[in-house]
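In what follows, a structure is listed as structure tokens, so that the remarks can point back to it.
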Amino acid sequence: MTQGLAAPVLDVRAVTKVYGSGDTAVHALRGVSLTVERGDYVAIMGASGSGKSTLMNIIGCLDVPSGGHYLLDGIDVVGLDERRLAILRNRRIGFIFQSFNLIPRMSAQANVELPLAYGGVKGAERRRRALAALREVGLADRTRHEPNELSGGQQQRVAVARALVTAPTLLLADEPTGALDSGSTTDVLGVFDRLSLAGRTIVVITHEDDVAAHAKRVVRLVDGRVVEDSRRSPVTGPPPAVAWTTDGAR
């Protein structure tokens with residue numbers, strides 16, 4: 001299926017995931033279906049063993065389902081080889097992890113430029129877009145600082161800028177405030193709120209109710225099944241501008 005203007009960002013259809021076989025098989029996902037439209041802000045919740053991490057890996061094209069279908073931005077990812085999956089991840093998904101995953105001896109700006117360097121974007125354009133992303137998360141005055149010169153909350157905001165810099169279709173965050181104190185958590189969630197208002201599509205994996213409270217919609221998993229899908233506010237806001245890429249493709 002090719003991308004269409006009306007295609008949802010995520011279209012998960014009766015997805016299953018089984019690890020192992022026979023009597024030792026573990027059914028991590030049991031027929032999960034989930035659609036996420038453009039501009040939505042969704043929190044996926046669940047206790048340890050609920051399947052939320054497995055679902056995140058499938059949504060992020062880091063793993064493949066055992067059954068069912070998954071369309072990302074209108075593209076059916078089941079059956080894609082690793083090279084095409086890597087291209088899809090780089091161009092369509094901005095990842096934000098609990099542990100920041102910043103390169104220690106590189107400045108904030110250089111860290112944010114990395115995905116663009118991997119995508120073949122030229123130096124001047126990389127710098128322009130990295131500085132714009134850092135301004136968007138409130139770090140215009142920290143562009144030359146290395147991670148050890150930044151607070152935990154500032155490091156996570158650098159990670160958010162790095163996720164934004166490719167203008168991805170989806171921001172996918174895995175426990176983004178798990179390593180932060182309460183003040184830094186408030187700052188980072190405030191960034192997510194502003195991005196949501198700007199029309200970004202955000203999916204957050206979390207077990208924390210106060211993090212999920214910022215989302216427009218909450219999906220809860222138990223034993224590999226969706227047991228709750230509740231909306232708190234409507235999908236609103238204009239879509240973000242499409243970024244320039246080396247080949248013009250999105």
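Labeling convention for the structure tokens: chains A, B, ... as they appear, residues from 1 per chain, ligands from 1 in order of appearance.
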
(request) Write out as a PyMOL selection string the residues lying within 9 Å of segment 195-207 of chain A, counting only C-alpha atoms and excluding same-chain residues fewer than 4 positions away. (result) chain A and resi 9+36-48+52-53+56+136+168-178+190-191+211-212+215+235-240

(request) Going by DSSP on the backbone, which bits of segment 57-228 of chain A are alpha helix (DSSP H)? Write them as a VMD selection string, please. (result) chain A and resid 57 to 59 82 to 92 108 to 118 123 to 136 152 to 164 182 to 197 209 to 212

(message) Which residues are close to segment 59-68 of chain A, i.e. within 10 Å by only C-alpha atoms, leaving aside same-chain residues fewer than 3 positions away? Reply as a PyMOL selection string.
(response) chain A and resi 10-19+27+29-33+53-56+71-72+77-80+82+85-86+88-89+92-95+170-173+203

Go ahead and write the residues just picked, N, CA, C and O atoms, as a compact mmCIF listing (two decimals), in the first residue's frame.
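The result, stored in out_36.txt:
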```txt
# COMPACT_ATOMS: atom_id res chain seq x y z
N LEU A 10 -0.47 5.46 12.21
CA LEU A 10 -0.33 4.06 12.61
C LEU A 10 -1.62 3.32 12.32
O LEU A 10 -2.70 3.81 12.65
N ASP A 11 -1.49 2.15 11.73
CA ASP A 11 -2.64 1.28 11.50
C ASP A 11 -2.21 -0.14 11.83
O ASP A 11 -1.62 -0.84 11.00
N VAL A 12 -2.46 -0.54 13.07
CA VAL A 12 -2.07 -1.86 13.58
C VAL A 12 -3.31 -2.75 13.52
O VAL A 12 -4.34 -2.42 14.10
N ARG A 13 -3.21 -3.86 12.81
CA ARG A 13 -4.37 -4.70 12.56
C ARG A 13 -4.15 -6.12 13.07
O ARG A 13 -3.36 -6.89 12.51
N ALA A 14 -4.83 -6.46 14.15
CA ALA A 14 -4.82 -7.82 14.71
C ALA A 14 -3.41 -8.39 14.83
O ALA A 14 -3.14 -9.54 14.47
N VAL A 15 -2.51 -7.58 15.37
CA VAL A 15 -1.10 -7.98 15.46
C VAL A 15 -0.89 -8.93 16.63
O VAL A 15 -1.37 -8.71 17.75
N THR A 16 -0.15 -9.99 16.35
CA THR A 16 0.29 -10.93 17.38
C THR A 16 1.80 -10.98 17.40
O THR A 16 2.47 -10.67 16.41
N LYS A 17 2.35 -11.36 18.56
CA LYS A 17 3.78 -11.59 18.67
C LYS A 17 4.00 -12.77 19.61
O LYS A 17 3.55 -12.75 20.77
N VAL A 18 4.66 -13.79 19.09
CA VAL A 18 4.93 -15.00 19.86
C VAL A 18 6.43 -15.23 19.88
O VAL A 18 7.09 -15.21 18.84
N TYR A 19 6.96 -15.43 21.08
CA TYR A 19 8.36 -15.78 21.24
C TYR A 19 8.45 -17.25 21.60
O TYR A 19 7.78 -17.72 22.52
N HIS A 27 3.17 -15.62 24.42
CA HIS A 27 2.32 -14.79 23.57
C HIS A 27 2.34 -13.36 24.12
O HIS A 27 1.58 -13.02 25.02
N LEU A 29 1.80 -10.45 22.39
CA LEU A 29 0.67 -9.67 21.87
C LEU A 29 -0.36 -10.64 21.31
O LEU A 29 -0.02 -11.58 20.59
N ARG A 30 -1.64 -10.39 21.62
CA ARG A 30 -2.71 -11.31 21.24
C ARG A 30 -3.80 -10.56 20.47
O ARG A 30 -4.84 -10.23 21.00
N GLY A 31 -3.51 -10.27 19.20
CA GLY A 31 -4.52 -9.63 18.35
C GLY A 31 -4.76 -8.17 18.64
O GLY A 31 -5.90 -7.73 18.74
N VAL A 32 -3.69 -7.40 18.76
CA VAL A 32 -3.81 -5.97 19.07
C VAL A 32 -4.13 -5.19 17.80
O VAL A 32 -3.46 -5.34 16.77
N SER A 33 -5.16 -4.35 17.88
CA SER A 33 -5.51 -3.43 16.79
C SER A 33 -5.51 -2.01 17.34
O SER A 33 -6.01 -1.76 18.43
N SER A 53 6.04 -2.92 25.71
CA SER A 53 7.36 -2.77 25.11
C SER A 53 7.44 -3.51 23.78
O SER A 53 8.07 -3.02 22.82
N THR A 54 6.80 -4.67 23.70
CA THR A 54 6.76 -5.41 22.44
C THR A 54 6.02 -4.59 21.39
O THR A 54 6.47 -4.49 20.23
N LEU A 55 4.90 -3.99 21.77
CA LEU A 55 4.15 -3.17 20.83
C LEU A 55 4.97 -1.97 20.40
O LEU A 55 4.97 -1.59 19.22
N MET A 56 5.72 -1.35 21.32
CA MET A 56 6.56 -0.23 20.96
C MET A 56 7.61 -0.64 19.93
O MET A 56 7.87 0.07 18.95
N LEU A 71 0.74 -0.93 9.27
CA LEU A 71 1.01 0.10 8.28
C LEU A 71 1.48 1.37 8.99
O LEU A 71 0.81 1.87 9.89
N LEU A 72 2.64 1.86 8.60
CA LEU A 72 3.20 3.10 9.12
C LEU A 72 3.10 4.16 8.03
O LEU A 72 3.72 4.02 6.97
N VAL A 77 4.66 -2.44 6.59
CA VAL A 77 6.06 -2.73 6.91
C VAL A 77 6.35 -4.22 6.99
O VAL A 77 7.52 -4.63 6.97
N VAL A 78 5.30 -5.04 7.08
CA VAL A 78 5.51 -6.48 7.16
C VAL A 78 6.10 -6.97 5.84
O VAL A 78 5.56 -6.72 4.77
N GLY A 79 7.23 -7.62 5.94
CA GLY A 79 7.89 -8.13 4.74
C GLY A 79 9.01 -7.25 4.21
O GLY A 79 9.76 -7.67 3.32
N LEU A 80 9.16 -6.03 4.74
CA LEU A 80 10.27 -5.19 4.32
C LEU A 80 11.59 -5.75 4.83
O LEU A 80 11.68 -6.27 5.94
N GLU A 82 15.68 -5.45 6.05
CA GLU A 82 16.26 -4.61 7.09
C GLU A 82 16.72 -3.26 6.55
O GLU A 82 16.60 -2.24 7.23
N LEU A 85 13.62 -1.16 6.23
CA LEU A 85 13.14 -0.81 7.56
C LEU A 85 13.98 0.30 8.18
O LEU A 85 13.46 1.21 8.83
N ALA A 86 15.30 0.23 7.97
CA ALA A 86 16.20 1.25 8.52
C ALA A 86 15.90 2.61 7.89
O ALA A 86 15.91 3.65 8.58
N LEU A 88 13.02 3.55 6.66
CA LEU A 88 11.71 3.95 7.20
C LEU A 88 11.86 4.54 8.60
O LEU A 88 11.28 5.58 8.92
N ARG A 89 12.66 3.87 9.44
CA ARG A 89 12.89 4.39 10.80
C ARG A 89 13.52 5.76 10.77
O ARG A 89 13.14 6.67 11.51
N ARG A 92 10.81 8.40 9.07
CA ARG A 92 9.42 8.54 9.51
C ARG A 92 9.25 8.56 11.03
O ARG A 92 8.20 8.97 11.51
N ILE A 93 10.25 8.09 11.78
CA ILE A 93 10.09 7.96 13.23
C ILE A 93 11.20 8.72 13.96
O ILE A 93 12.38 8.57 13.65
N GLY A 94 10.79 9.53 14.94
CA GLY A 94 11.75 10.16 15.83
C GLY A 94 11.67 9.48 17.19
O GLY A 94 10.63 9.52 17.85
N PHE A 95 12.76 8.83 17.60
CA PHE A 95 12.78 8.05 18.83
C PHE A 95 13.27 8.90 20.00
O PHE A 95 14.24 9.66 19.87
N LEU A 170 6.12 10.47 13.03
CA LEU A 170 5.76 10.01 14.37
C LEU A 170 6.88 10.28 15.35
O LEU A 170 8.05 9.99 15.05
N LEU A 171 6.54 10.83 16.52
CA LEU A 171 7.46 10.87 17.65
C LEU A 171 7.09 9.72 18.57
O LEU A 171 5.95 9.64 19.05
N LEU A 172 8.05 8.82 18.82
CA LEU A 172 7.82 7.63 19.64
C LEU A 172 8.73 7.69 20.86
O LEU A 172 9.95 7.64 20.73
N ALA A 173 8.12 7.81 22.04
CA ALA A 173 8.88 8.02 23.27
C ALA A 173 8.68 6.85 24.23
O ALA A 173 7.54 6.50 24.55
N VAL A 203 3.38 9.24 20.30
CA VAL A 203 3.01 8.04 21.04
C VAL A 203 4.03 7.87 22.16
O VAL A 203 5.24 7.80 21.91
```

(request) Pull the strand (DSSP E or B) assignments for segment 12-112 of chain A out of DSSP run on the backbone, and list those residues as number ranges by chain. (result) A: 12-19, 26-36, 41-45, 67-72, 75-76, 93-97

(request) Compare A:Phe100, A:Ala117, A:Gln109, A:Ala179 by their minimum atom-to-atom distance to Val160 of chain A, counting only C-alpha atoms, and give me the closest one. (result)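 Of A:Phe100, A:Ala117, A:Gln109, A:Ala179, the one nearest Val160 of chain A is A:Phe100, counting only C-alpha atoms.
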
(request) For Arg232 of chain A, please output as an NGL selection string all residues within 8 Å (counting only C-alpha atoms; exclusion window: fewer than 6 positions along the same chain). (result) :A and (215-218)

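Taking atom CA of Arg127 of chain A as the reference point, atom CA of Leu180 of chain A is found at 28.0 Å.
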
(message) Excluding Asp187 of chain A and its own-chain neighbours fewer than 2 positions away, which residues fall within 12 Å of it when counting only C-alpha atoms? Please give them as a count of residues only.
(response) 26

(request) For each of A:Asn90, A:Thr143, A:Thr186, A:Asn101, take the minimum atom-to-atom distance to Val165 of chain A, counting only C-alpha atoms, then give the residue where this is smallest. (result)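 Nearest candidate to Val165 of chain A out of A:Asn90, A:Thr143, A:Thr186, A:Asn101: A:Asn90.
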
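When only C-alpha atoms are used to compute distances to Arg135 of chain A, the closest of the residues A:Val226, A:Ala161, A:Ile87, A:Ala28 turns out to be A:Ala161.
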